[in-house]
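J.: Structure file start24.cif (mmCIF, C-alpha atoms) is given on the next line.
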```
data_protein
loop_
_atom_site.group_PDB
_atom_site.id
_atom_site.type_symbol
_atom_site.label_atom_id
_atom_site.label_comp_id
_atom_site.auth_asym_id
_atom_site.auth_seq_id
_atom_site.Cartn_x
_atom_site.Cartn_y
_atom_site.Cartn_z
ATOM 1 C CA MET W 596 149.204 87.470 104.780
ATOM 2 C CA GLU W 597 148.525 84.543 102.470
ATOM 3 C CA GLN W 598 144.919 83.436 102.404
ATOM 4 C CA SER W 599 144.096 80.011 103.734
ATOM 5 C CA ASN W 600 142.232 77.610 101.519
ATOM 6 C CA TRP W 601 139.249 78.119 103.749
ATOM 7 C CA ASP W 602 139.313 81.847 103.152
ATOM 8 C CA LYS W 603 139.568 81.297 99.424
ATOM 9 C CA ILE W 604 136.612 78.934 99.533
ATOM 10 C CA ARG W 605 134.635 81.366 101.619
ATOM 11 C CA LYS W 606 135.343 84.155 99.167
ATOM 12 C CA GLU W 607 134.326 82.042 96.231
ATOM 13 C CA VAL W 608 131.184 80.759 97.909
ATOM 14 C CA THR W 609 130.246 84.251 99.004
ATOM 15 C CA LYS W 610 130.571 85.484 95.453
ATOM 16 C CA LYS W 611 128.375 82.676 94.219
ATOM 17 C CA THR W 612 125.763 82.998 96.938
ATOM 18 C CA SER W 613 125.545 86.740 96.424
ATOM 19 C CA PHE W 614 125.198 86.359 92.703
ATOM 20 C CA ALA W 615 122.087 87.792 91.189
ATOM 21 C CA SER W 616 121.535 89.437 87.894
ATOM 22 C CA LYS W 617 122.185 93.164 87.837
ATOM 23 C CA GLU W 618 119.680 93.355 85.043
ATOM 24 C CA LEU W 619 117.022 91.760 87.237
ATOM 25 C CA SER W 620 117.795 94.274 89.950
ATOM 26 C CA LYS W 621 117.286 97.110 87.480
ATOM 27 C CA GLU W 622 114.018 95.583 86.305
ATOM 28 C CA ILE W 623 112.774 95.401 89.889
ATOM 29 C CA ASP W 624 113.686 99.007 90.517
ATOM 30 C CA THR W 625 111.996 100.086 87.291
ATOM 31 C CA LEU W 626 108.863 98.156 88.218
ATOM 32 C CA ALA W 627 108.784 99.853 91.607
ATOM 33 C CA ASP W 628 109.144 103.258 89.936
ATOM 34 C CA GLU W 629 106.333 102.480 87.508
ATOM 35 C CA ILE W 630 103.972 101.566 90.325
ATOM 36 C CA MET W 631 104.813 104.698 92.287
ATOM 37 C CA GLU W 632 104.186 106.757 89.149
ATOM 38 C CA TYR W 633 100.812 105.064 88.801
ATOM 39 C CA ILE W 634 99.998 105.827 92.434
ATOM 40 C CA LEU W 635 100.913 109.455 91.817
ATOM 41 C CA LYS W 636 98.759 109.466 88.696
ATOM 42 C CA ILE W 637 95.623 108.216 90.393
ATOM 43 C CA ALA W 638 96.303 110.468 93.369
ATOM 44 C CA SER W 639 96.395 113.422 90.997
ATOM 45 C CA SER W 640 92.867 112.813 89.792
ATOM 46 C CA THR W 641 90.727 115.472 91.415
ATOM 47 C CA ASP W 642 87.170 116.636 91.109
ATOM 48 C CA GLU W 643 85.991 120.146 90.260
ATOM 49 C CA ARG W 644 86.735 121.241 93.817
ATOM 50 C CA GLY W 645 90.295 119.919 93.659
ATOM 51 C CA LEU W 646 89.599 117.027 96.007
ATOM 52 C CA PRO W 647 91.234 113.676 95.273
ATOM 53 C CA ILE W 648 88.754 111.302 93.711
ATOM 54 C CA TYR W 649 90.376 107.968 94.376
ATOM 55 C CA THR W 650 92.746 108.217 97.270
ATOM 56 C CA GLY W 651 90.643 109.234 100.257
ATOM 57 C CA ASN W 652 93.823 110.986 101.448
ATOM 58 C CA LEU W 653 95.732 107.732 101.525
ATOM 59 C CA PHE W 654 98.367 108.830 99.048
ATOM 60 C CA ASP W 655 100.886 110.056 101.584
ATOM 61 C CA SER W 656 100.746 106.803 103.475
ATOM 62 C CA THR W 657 101.284 104.556 100.466
ATOM 63 C CA GLY W 658 104.480 102.762 99.563
ATOM 64 C CA ILE W 659 105.562 99.560 97.933
ATOM 65 C CA GLY W 660 108.170 96.952 98.677
ATOM 66 C CA ILE W 661 109.562 94.155 96.562
ATOM 67 C CA TYR W 662 111.055 91.078 98.206
ATOM 68 C CA GLN W 663 113.293 88.475 96.697
ATOM 69 C CA LYS W 664 112.976 85.266 98.703
ATOM 70 C CA GLY W 665 111.994 87.252 101.778
ATOM 71 C CA VAL W 666 114.740 89.868 101.431
ATOM 72 C CA LEU W 667 113.630 93.431 100.844
ATOM 73 C CA VAL W 668 115.285 94.495 97.608
ATOM 74 C CA ALA W 669 113.274 97.570 96.679
ATOM 75 C CA ILE W 670 111.140 99.959 98.652
ATOM 76 C CA LYS W 671 109.490 103.167 97.545
ATOM 77 C CA THR W 672 107.709 105.509 99.872
ATOM 78 C CA ASN W 673 106.299 108.967 99.643
ATOM 79 C CA GLU W 674 108.765 111.312 101.249
ATOM 80 C CA ARG W 675 106.167 114.002 101.781
ATOM 81 C CA HIS W 676 104.702 112.123 104.681
ATOM 82 C CA ALA W 677 107.482 112.726 107.193
ATOM 83 C CA THR W 678 107.162 116.006 109.000
ATOM 84 C CA GLU W 679 109.023 117.850 111.695
ATOM 85 C CA GLU W 680 106.258 116.998 114.125
ATOM 86 C CA GLN W 681 106.953 113.332 113.556
ATOM 87 C CA GLU W 682 110.527 113.514 114.685
ATOM 88 C CA TRP W 683 111.362 109.910 114.106
ATOM 89 C CA GLY W 684 109.269 109.903 111.008
ATOM 90 C CA TRP W 685 106.728 107.591 109.646
ATOM 91 C CA GLY W 686 109.299 106.360 107.192
ATOM 92 C CA TYR W 687 111.572 104.647 109.701
ATOM 93 C CA SER W 688 108.880 102.679 111.474
ATOM 94 C CA HIS W 689 107.503 101.836 108.066
ATOM 95 C CA LEU W 690 110.884 100.475 107.062
ATOM 96 C CA GLN W 691 111.110 98.475 110.283
ATOM 97 C CA ASN W 692 107.729 96.924 109.604
ATOM 98 C CA ALA W 693 108.767 96.116 106.066
ATOM 99 C CA LEU W 694 111.852 94.313 107.346
ATOM 100 C CA ASN W 695 110.169 92.567 110.252
ATOM 101 C CA ASN W 696 107.216 91.183 108.365
ATOM 102 C CA SER W 697 108.907 89.317 105.575
ATOM 103 C CA ILE W 698 108.319 85.861 107.065
ATOM 104 C CA GLY W 699 106.286 83.889 104.598
ATOM 105 C CA LEU W 700 107.380 85.955 101.623
ATOM 106 C CA GLY W 701 109.528 83.141 100.329
ATOM 107 C CA ASN W 702 108.524 83.395 96.691
ATOM 108 C CA ASP W 703 111.152 84.362 94.180
ATOM 109 C CA LEU W 704 109.586 87.791 94.017
ATOM 110 C CA THR W 705 106.816 89.244 96.169
ATOM 111 C CA LEU W 706 105.370 92.698 95.772
ATOM 112 C CA VAL W 707 103.738 94.338 98.796
ATOM 113 C CA ILE W 708 101.720 97.545 98.876
ATOM 114 C CA PHE W 709 102.248 99.332 102.182
ATOM 115 C CA SER W 710 100.126 101.793 104.000
ATOM 116 C CA SER W 711 100.906 103.458 107.288
ATOM 117 C CA ALA W 712 97.354 104.725 107.652
ATOM 118 C CA PRO W 713 95.446 102.581 110.163
ATOM 119 C CA ILE W 714 92.208 103.313 108.356
ATOM 120 C CA ALA W 715 93.556 102.259 104.967
ATOM 121 C CA GLU W 716 91.786 98.934 104.731
ATOM 122 C CA MET W 717 88.519 100.422 105.869
ATOM 123 C CA ILE W 718 88.698 103.209 103.306
ATOM 124 C CA ASN W 719 89.615 100.755 100.590
ATOM 125 C CA GLU W 720 86.562 98.684 101.466
ATOM 126 C CA GLU W 721 84.002 101.251 102.542
ATOM 127 C CA GLY W 722 85.329 104.619 101.432
ATOM 128 C CA SER W 723 85.970 107.805 103.340
ATOM 129 C CA PRO W 724 83.124 109.754 104.999
ATOM 130 C CA TRP W 725 82.846 111.483 101.625
ATOM 131 C CA ASN W 726 82.678 108.129 99.890
ATOM 132 C CA ARG W 727 86.115 108.414 98.358
ATOM 133 C CA GLY W 728 88.989 105.983 98.196
ATOM 134 C CA ILE W 729 86.925 102.834 97.631
ATOM 135 C CA GLY W 730 89.090 100.324 95.794
ATOM 136 C CA TYR W 731 92.191 102.533 95.957
ATOM 137 C CA PHE W 732 94.524 99.679 96.863
ATOM 138 C CA ASP W 733 92.688 97.298 94.582
ATOM 139 C CA MET W 734 93.503 99.590 91.677
ATOM 140 C CA ILE W 735 97.149 99.696 92.635
ATOM 141 C CA ALA W 736 97.293 95.943 93.150
ATOM 142 C CA GLU W 737 95.700 95.312 89.782
ATOM 143 C CA TYR W 738 98.129 97.599 88.002
ATOM 144 C CA ALA W 739 101.133 96.263 89.909
ATOM 145 C CA THR W 740 100.205 92.666 89.181
ATOM 146 C CA ARG W 741 99.767 93.380 85.503
ATOM 147 C CA GLN W 742 103.097 95.189 85.219
ATOM 148 C CA ALA W 743 104.923 92.582 87.269
ATOM 149 C CA ASN W 744 103.541 89.750 85.191
ATOM 150 C CA LEU W 745 104.620 91.525 82.035
ATOM 151 C CA ARG W 746 108.174 91.654 83.337
ATOM 152 C CA PHE W 747 108.595 88.515 85.367
ATOM 153 C CA GLY W 748 105.675 86.180 84.778
ATOM 154 C CA ASN W 749 103.451 85.358 87.741
ATOM 155 C CA ILE W 750 104.697 86.740 91.057
ATOM 156 C CA MET V 912 126.379 84.763 115.747
ATOM 157 C CA ASN V 913 125.572 88.422 115.307
ATOM 158 C CA TYR V 914 126.023 89.615 111.779
ATOM 159 C CA SER V 915 125.114 93.247 112.292
ATOM 160 C CA LYS V 916 127.455 93.705 115.247
ATOM 161 C CA GLU V 917 130.323 92.201 113.307
ATOM 162 C CA LEU V 918 129.617 94.503 110.367
ATOM 163 C CA LYS V 919 129.408 97.418 112.773
ATOM 164 C CA ALA V 920 132.915 96.544 113.931
ATOM 165 C CA VAL V 921 134.098 96.388 110.330
ATOM 166 C CA LEU V 922 132.726 99.905 109.747
ATOM 167 C CA SER V 923 134.055 101.358 112.978
ATOM 168 C CA ASP V 924 136.935 103.118 111.233
ATOM 169 C CA LEU V 925 134.678 105.340 109.116
ATOM 170 C CA GLY V 926 134.581 108.086 111.697
ATOM 171 C CA ILE V 927 130.806 108.199 111.945
ATOM 172 C CA THR V 928 128.327 106.585 114.297
ATOM 173 C CA VAL V 929 127.277 103.070 113.319
ATOM 174 C CA TYR V 930 124.281 101.309 114.869
ATOM 175 C CA ALA V 931 123.842 97.557 114.758
ATOM 176 C CA SER V 932 120.382 96.021 114.531
ATOM 177 C CA GLY V 933 118.194 97.204 117.385
ATOM 178 C CA GLU V 934 120.585 99.924 118.529
ATOM 179 C CA THR V 935 119.346 102.873 116.496
ATOM 180 C CA PRO V 936 117.933 105.494 118.869
ATOM 181 C CA THR V 937 114.753 107.357 118.189
ATOM 182 C CA SER V 938 116.191 110.831 118.616
ATOM 183 C CA GLY V 939 119.365 112.792 119.038
ATOM 184 C CA ASN V 940 121.176 111.378 116.067
ATOM 185 C CA PRO V 941 124.338 112.972 114.665
ATOM 186 C CA ASP V 942 124.497 114.658 111.259
ATOM 187 C CA GLN V 943 125.472 111.423 109.641
ATOM 188 C CA PHE V 944 125.155 107.847 110.777
ATOM 189 C CA ILE V 945 124.830 104.306 109.549
ATOM 190 C CA SER V 946 122.076 101.957 110.627
ATOM 191 C CA ILE V 947 122.405 98.204 110.029
ATOM 192 C CA GLU V 948 119.285 96.046 110.030
ATOM 193 C CA ASN V 949 118.699 92.374 109.415
ATOM 194 C CA ASN V 950 116.919 91.954 106.102
ATOM 195 C CA GLY V 951 115.098 88.635 105.822
ATOM 196 C CA SER V 952 115.880 85.523 107.777
ATOM 197 C CA THR V 953 119.134 83.650 108.207
ATOM 198 C CA SER V 954 119.515 80.780 105.805
ATOM 199 C CA THR V 955 121.923 78.042 104.921
ATOM 200 C CA THR V 956 122.967 78.490 101.365
ATOM 201 C CA ALA V 957 125.928 76.175 101.048
ATOM 202 C CA SER V 958 125.717 73.455 103.651
ATOM 203 C CA GLN V 959 128.668 71.619 102.219
ATOM 204 C CA TYR V 960 130.794 74.521 103.411
ATOM 205 C CA GLY V 961 128.879 75.106 106.599
ATOM 206 C CA LEU V 962 127.904 78.622 105.655
ATOM 207 C CA MET V 963 125.000 80.577 107.030
ATOM 208 C CA THR V 964 123.793 83.651 105.162
ATOM 209 C CA GLN V 965 122.088 86.785 106.390
ATOM 210 C CA THR V 966 121.365 89.856 104.282
ATOM 211 C CA LEU V 967 121.956 93.146 106.074
ATOM 212 C CA LEU V 968 120.358 96.395 105.043
ATOM 213 C CA VAL V 969 122.841 99.209 105.529
ATOM 214 C CA GLY V 970 121.400 102.715 105.513
ATOM 215 C CA ILE V 971 123.636 105.753 105.226
ATOM 216 C CA TYR V 972 121.672 108.595 106.831
ATOM 217 C CA THR V 973 122.836 112.145 106.127
ATOM 218 C CA LYS V 974 121.186 115.269 107.498
ATOM 219 C CA LEU V 975 119.385 117.424 104.957
ATOM 220 C CA SER V 976 120.081 121.137 104.750
ATOM 221 C CA ALA V 977 117.574 123.561 106.245
ATOM 222 C CA THR V 978 116.025 123.861 102.794
ATOM 223 C CA GLY V 979 115.771 120.097 102.361
ATOM 224 C CA ILE V 980 118.740 119.655 100.025
ATOM 225 C CA LYS V 981 120.806 116.476 100.191
ATOM 226 C CA ASN V 982 124.444 116.671 101.185
ATOM 227 C CA THR V 983 125.604 114.595 98.270
ATOM 228 C CA VAL V 984 129.287 115.048 99.027
ATOM 229 C CA LYS V 985 129.052 113.580 102.528
ATOM 230 C CA GLU V 986 126.811 110.775 101.353
ATOM 231 C CA GLU V 987 129.021 109.868 98.409
ATOM 232 C CA LYS V 988 132.127 109.812 100.561
ATOM 233 C CA ILE V 989 130.745 107.085 102.817
ATOM 234 C CA TRP V 990 129.085 105.251 99.958
ATOM 235 C CA ASN V 991 132.384 105.064 98.036
ATOM 236 C CA ILE V 992 134.200 103.620 101.043
ATOM 237 C CA ILE V 993 131.539 100.975 101.531
ATOM 238 C CA PHE V 994 131.491 100.123 97.837
ATOM 239 C CA GLU V 995 135.266 99.704 97.693
ATOM 240 C CA ARG V 996 135.375 97.683 100.882
ATOM 241 C CA PHE V 997 132.662 95.203 99.957
ATOM 242 C CA LYS V 998 132.760 95.003 96.159
ATOM 243 C CA ASP V 999 134.812 91.849 96.728
ATOM 244 C CA ALA V 1000 134.284 89.584 99.704
ATOM 245 C CA TYR V 1001 135.605 91.174 102.919
ATOM 246 C CA ILE V 1002 136.600 88.739 105.639
ATOM 247 C CA SER V 1003 136.375 89.568 109.330
ATOM 248 C CA ASN V 1004 136.854 86.832 111.925
ATOM 249 C CA GLU V 1005 134.373 84.089 111.032
ATOM 250 C CA TYR V 1006 132.305 86.365 108.817
ATOM 251 C CA THR V 1007 132.435 87.370 105.176
ATOM 252 C CA PHE V 1008 130.691 90.447 103.792
ATOM 253 C CA SER V 1009 129.999 91.438 100.202
ATOM 254 C CA LEU V 1010 127.679 93.709 98.249
ATOM 255 C CA SER V 1011 124.429 92.197 97.126
ATOM 256 C CA LYS V 1012 123.483 92.671 93.519
ATOM 257 C CA PHE V 1013 120.117 93.783 94.858
ATOM 258 C CA ASN V 1014 121.025 97.141 96.255
ATOM 259 C CA MET V 1015 117.677 98.672 97.025
ATOM 260 C CA PHE V 1016 116.881 102.090 95.769
ATOM 261 C CA ASN V 1017 119.614 104.619 96.125
ATOM 262 C CA ASP V 1018 117.894 107.826 96.895
ATOM 263 C CA ALA V 1019 115.375 108.590 99.597
ATOM 264 C CA LYS V 1020 114.478 111.471 101.836
ATOM 265 C CA ASN V 1021 112.801 111.465 105.223
ATOM 266 C CA ILE V 1022 112.855 107.767 105.953
ATOM 267 C CA VAL V 1023 114.116 109.407 109.104
ATOM 268 C CA SER V 1024 112.717 112.897 109.177
ATOM 269 C CA GLY V 1025 115.330 115.458 108.148
ATOM 270 C CA TYR V 1026 117.754 112.948 106.651
ATOM 271 C CA SER V 1027 118.484 111.549 103.232
ATOM 272 C CA THR V 1028 119.167 107.846 103.071
ATOM 273 C CA ARG V 1029 121.183 105.700 100.749
ATOM 274 C CA PHE V 1030 120.636 101.975 101.126
ATOM 275 C CA VAL V 1031 122.758 99.034 100.250
ATOM 276 C CA ASN V 1032 122.141 95.343 100.884
ATOM 277 C CA ILE V 1033 125.206 93.490 102.110
ATOM 278 C CA ILE V 1034 125.333 89.716 102.160
ATOM 279 C CA SER V 1035 127.025 88.255 105.189
ATOM 280 C CA ASN V 1036 128.181 84.678 105.580
ATOM 281 C CA TYR V 1037 129.160 82.932 108.766
ATOM 282 C CA LYS V 1038 131.290 79.826 109.041
ATOM 283 C CA ASN V 1039 129.399 77.646 111.500
#
```
As structure tokens - that is how I would like this structure written.
T.:
Amino acid sequence: MEQSNWDKIRKEVTKKTSFASKELSKEIDTLADEIMEYILKIASSTDERGLPIYTGNLFDSTGIGIYQKGVLVAIKTNERHATEEQEWGWGYSHLQNALNNSIGLGNDLTLVIFSSAPIAEMINEEGSPWNRGIGYFDMIAEYATRQANLRFGNI
Amino acid sequence: MNYSKELKAVLSDLGITVYASGETPTSGNPDQFISIENNGSTSTTASQYGLMTQTLLVGIYTKLSATGIKNTVKEEKIWNIIFERFKDAYISNEYTFSLSKFNMFNDAKNIVSGYSTRFVNIISNYKN
């Protein structure tokens, strides 16, 4: 069937409105990978007893998301967290939260550090009972901001 | 307007279960399914044409083997169909769907426990 003018316009407009640089998309994905590698790196730092120095056991709950004008365009989570006991996994509810809380993230690019652990903020501020994990998210945020600014300018 | 339900209808010929936004159950899922979620808010991007835009996050969920290995063949099969269908604008009723250039990350395990997931962002437009 021959396309109507309206259909042709819609196709053209859709192409234009969906346009975004593939290179930018790759850069975003690379940035997300870099931050997850950094998180893994600081999570791997252990003391003489093999206990994590920085994370306060928050590593498994940590993920990051990158939004472009409020649309989630990259998300990285730690797959180890989901277990058989958590049948509908931490990951899915985490994803739902990431999608449902994008209001206000209208900047060109916004980077969010996630945690599914309800005690995350407290540990970041006050540390675990063994005084570990203080500043864990601050470290990640500092690194992420630096890397993002190197790639994209201020975000 | 309901973007995810329209896209669900467009994907109904794939032979696997497709859930629109808010329909995905918390248990008892089949070995492979697609979940469609609204990603971001609806916006007007081209008012001169009366178009509303909503990005949809499409997740292809495929059950992992008992040893945690991805079933790449099953995943790729569905992914290839979706890619071919939406690489150019696909029109359905008053809606148009096309792949976003921002296609999320392509490889994840255990977003739903026991499944691998491949994500793709699809841009939908509605003629209002």
J.: Using the chain letters and numbers from the file, which residues does the PyMOL selection byres ((chain V) within 9 of (chain W)) grab, as a PDB file with C-alpha atoms, in the frame of the given file?
T.:
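What follows is the written file out05.pdb:
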```pdb
ATOM      1  CA  THR V 937     114.753 107.357 118.189  1.00  0.00           C
ATOM      2  CA  SER V 938     116.191 110.831 118.616  1.00  0.00           C
ATOM      3  CA  GLU V 948     119.285  96.046 110.030  1.00  0.00           C
ATOM      4  CA  ASN V 949     118.699  92.374 109.415  1.00  0.00           C
ATOM      5  CA  ASN V 950     116.919  91.954 106.102  1.00  0.00           C
ATOM      6  CA  GLY V 951     115.098  88.635 105.822  1.00  0.00           C
ATOM      7  CA  SER V 952     115.880  85.523 107.777  1.00  0.00           C
ATOM      8  CA  THR V 956     122.967  78.490 101.365  1.00  0.00           C
ATOM      9  CA  ALA V 957     125.928  76.175 101.048  1.00  0.00           C
ATOM     10  CA  TYR V 960     130.794  74.521 103.411  1.00  0.00           C
ATOM     11  CA  LEU V 962     127.904  78.622 105.655  1.00  0.00           C
ATOM     12  CA  THR V 964     123.793  83.651 105.162  1.00  0.00           C
ATOM     13  CA  THR V 966     121.365  89.856 104.282  1.00  0.00           C
ATOM     14  CA  LEU V 968     120.358  96.395 105.043  1.00  0.00           C
ATOM     15  CA  ASP V 999     134.812  91.849  96.728  1.00  0.00           C
ATOM     16  CA  ALA V1000     134.284  89.584  99.704  1.00  0.00           C
ATOM     17  CA  TYR V1001     135.605  91.174 102.919  1.00  0.00           C
ATOM     18  CA  ILE V1002     136.600  88.739 105.639  1.00  0.00           C
ATOM     19  CA  THR V1007     132.435  87.370 105.176  1.00  0.00           C
ATOM     20  CA  PHE V1008     130.691  90.447 103.792  1.00  0.00           C
ATOM     21  CA  SER V1009     129.999  91.438 100.202  1.00  0.00           C
ATOM     22  CA  LEU V1010     127.679  93.709  98.249  1.00  0.00           C
ATOM     23  CA  SER V1011     124.429  92.197  97.126  1.00  0.00           C
ATOM     24  CA  LYS V1012     123.483  92.671  93.519  1.00  0.00           C
ATOM     25  CA  PHE V1013     120.117  93.783  94.858  1.00  0.00           C
ATOM     26  CA  ASN V1014     121.025  97.141  96.255  1.00  0.00           C
ATOM     27  CA  MET V1015     117.677  98.672  97.025  1.00  0.00           C
ATOM     28  CA  PHE V1016     116.881 102.090  95.769  1.00  0.00           C
ATOM     29  CA  ALA V1019     115.375 108.590  99.597  1.00  0.00           C
ATOM     30  CA  LYS V1020     114.478 111.471 101.836  1.00  0.00           C
ATOM     31  CA  ASN V1021     112.801 111.465 105.223  1.00  0.00           C
ATOM     32  CA  ILE V1022     112.855 107.767 105.953  1.00  0.00           C
ATOM     33  CA  VAL V1023     114.116 109.407 109.104  1.00  0.00           C
ATOM     34  CA  SER V1024     112.717 112.897 109.177  1.00  0.00           C
ATOM     35  CA  GLY V1025     115.330 115.458 108.148  1.00  0.00           C
ATOM     36  CA  ASN V1032     122.141  95.343 100.884  1.00  0.00           C
ATOM     37  CA  ILE V1033     125.206  93.490 102.110  1.00  0.00           C
ATOM     38  CA  ILE V1034     125.333  89.716 102.160  1.00  0.00           C
ATOM     39  CA  SER V1035     127.025  88.255 105.189  1.00  0.00           C
ATOM     40  CA  ASN V1036     128.181  84.678 105.580  1.00  0.00           C
ATOM     41  CA  LYS V1038     131.290  79.826 109.041  1.00  0.00           C
TER      42      LYS V1038
END
```
J.: As JSON, please report the centre and edge lengths, rounded to one decimal in Å, of the axis-aligned box that holds all listed atoms of region 915-933 of chain V with 8 Å of padding on each of the six sides.
T.:
```
{"center_x": 127.6, "center_y": 100.2, "center_z": 113.3, "size_x": 34.7, "size_y": 32.0, "size_z": 24.3}
```
J.: So that I can see what lies close to Lys981 (chain V), please list as a list in words the residues with an atom at most 9 Å from it, counting all atoms listed in the file and leaving out residues fewer than 6 positions away in the same chain.
T.: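 The residues that qualify are Thr973, Lys974, Leu975, Lys1020, Tyr1026 and Ser1027 of chain V.
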J.: Decode the PyMOL selection byres ((chain V and resi 912-917) around 8) for the given file into explicit residues and return them as JSON, numbers by chain.
T.: {"V": [918, 919, 920, 921, 931, 932, 947, 948, 949, 965, 967, 1003, 1006, 1035, 1037]}
J.: Please indicate the distance in Å from CA of Leu646 (chain W) to CA of Arg727 (chain W), rounded to one decimal place.
T.: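 Answer for the CA of Leu646 (chain W) to CA of Arg727 (chain W) separation: 9.6 Å.
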J.: With distances taken over all atoms listed in the file, which of V:Val969, V:Thr928, V:Met963, V:Gln943 is nearest to Ile993 (chain V)?
T.: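 Distance minimum relative to Ile993 (chain V) lands on V:Val969.
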J.: Could you tell me how far CA of Ile735 (chain W) sits from CA of Glu720 (chain W), in Å to one decimal place?
T.: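 One can read the CA of Glu720 (chain W) to CA of Ile735 (chain W) distance as 13.8 Å.
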J.: Could region 919-936 of chain V be completed with N, CA and C atoms and written as a short mmCIF file (atom, residue, chain, number, x, y, z; two decimals), in the coordinates of the input, please?
T.:
```cif
data_model
loop_
_atom_site.label_atom_id
_atom_site.label_comp_id
_atom_site.auth_asym_id
_atom_site.auth_seq_id
_atom_site.Cartn_x
_atom_site.Cartn_y
_atom_site.Cartn_z
N LYS V 919 129.18 96.14 112.07
CA LYS V 919 129.41 97.42 112.77
C LYS V 919 130.89 97.57 113.11
N ALA V 920 131.49 96.49 113.59
CA ALA V 920 132.92 96.54 113.93
C ALA V 920 133.77 96.80 112.69
N VAL V 921 133.35 96.20 111.58
CA VAL V 921 134.10 96.39 110.33
C VAL V 921 134.03 97.84 109.86
N LEU V 922 132.92 98.51 110.19
CA LEU V 922 132.73 99.90 109.75
C LEU V 922 133.16 100.94 110.79
N SER V 923 133.76 100.45 111.86
CA SER V 923 134.06 101.36 112.98
C SER V 923 135.14 102.38 112.66
N ASP V 924 135.86 102.18 111.57
CA ASP V 924 136.94 103.12 111.23
C ASP V 924 136.46 104.27 110.35
N LEU V 925 135.17 104.32 110.04
CA LEU V 925 134.68 105.34 109.12
C LEU V 925 134.61 106.73 109.74
N GLY V 926 134.63 106.79 111.04
CA GLY V 926 134.58 108.09 111.70
C GLY V 926 133.18 108.62 111.89
N ILE V 927 132.18 107.79 111.66
CA ILE V 927 130.81 108.20 111.94
C ILE V 927 130.13 107.13 112.81
N THR V 928 129.04 107.50 113.41
CA THR V 928 128.33 106.58 114.30
C THR V 928 127.70 105.45 113.48
N VAL V 929 127.88 104.23 113.97
CA VAL V 929 127.28 103.07 113.32
C VAL V 929 126.42 102.33 114.34
N TYR V 930 125.19 102.05 113.99
CA TYR V 930 124.28 101.31 114.87
C TYR V 930 124.04 99.91 114.30
N ALA V 931 124.21 98.92 115.15
CA ALA V 931 123.84 97.56 114.76
C ALA V 931 122.34 97.39 114.93
N SER V 932 121.82 96.28 114.47
CA SER V 932 120.38 96.02 114.53
C SER V 932 119.86 96.20 115.95
N GLY V 933 118.81 96.99 116.09
CA GLY V 933 118.19 97.20 117.38
C GLY V 933 118.82 98.30 118.22
N GLU V 934 119.89 98.90 117.74
CA GLU V 934 120.58 99.92 118.53
C GLU V 934 120.20 101.35 118.15
N THR V 935 119.58 101.52 116.99
CA THR V 935 119.35 102.87 116.50
C THR V 935 118.38 103.62 117.41
N PRO V 936 118.82 104.74 117.96
CA PRO V 936 117.93 105.49 118.87
C PRO V 936 116.85 106.24 118.11
#
```
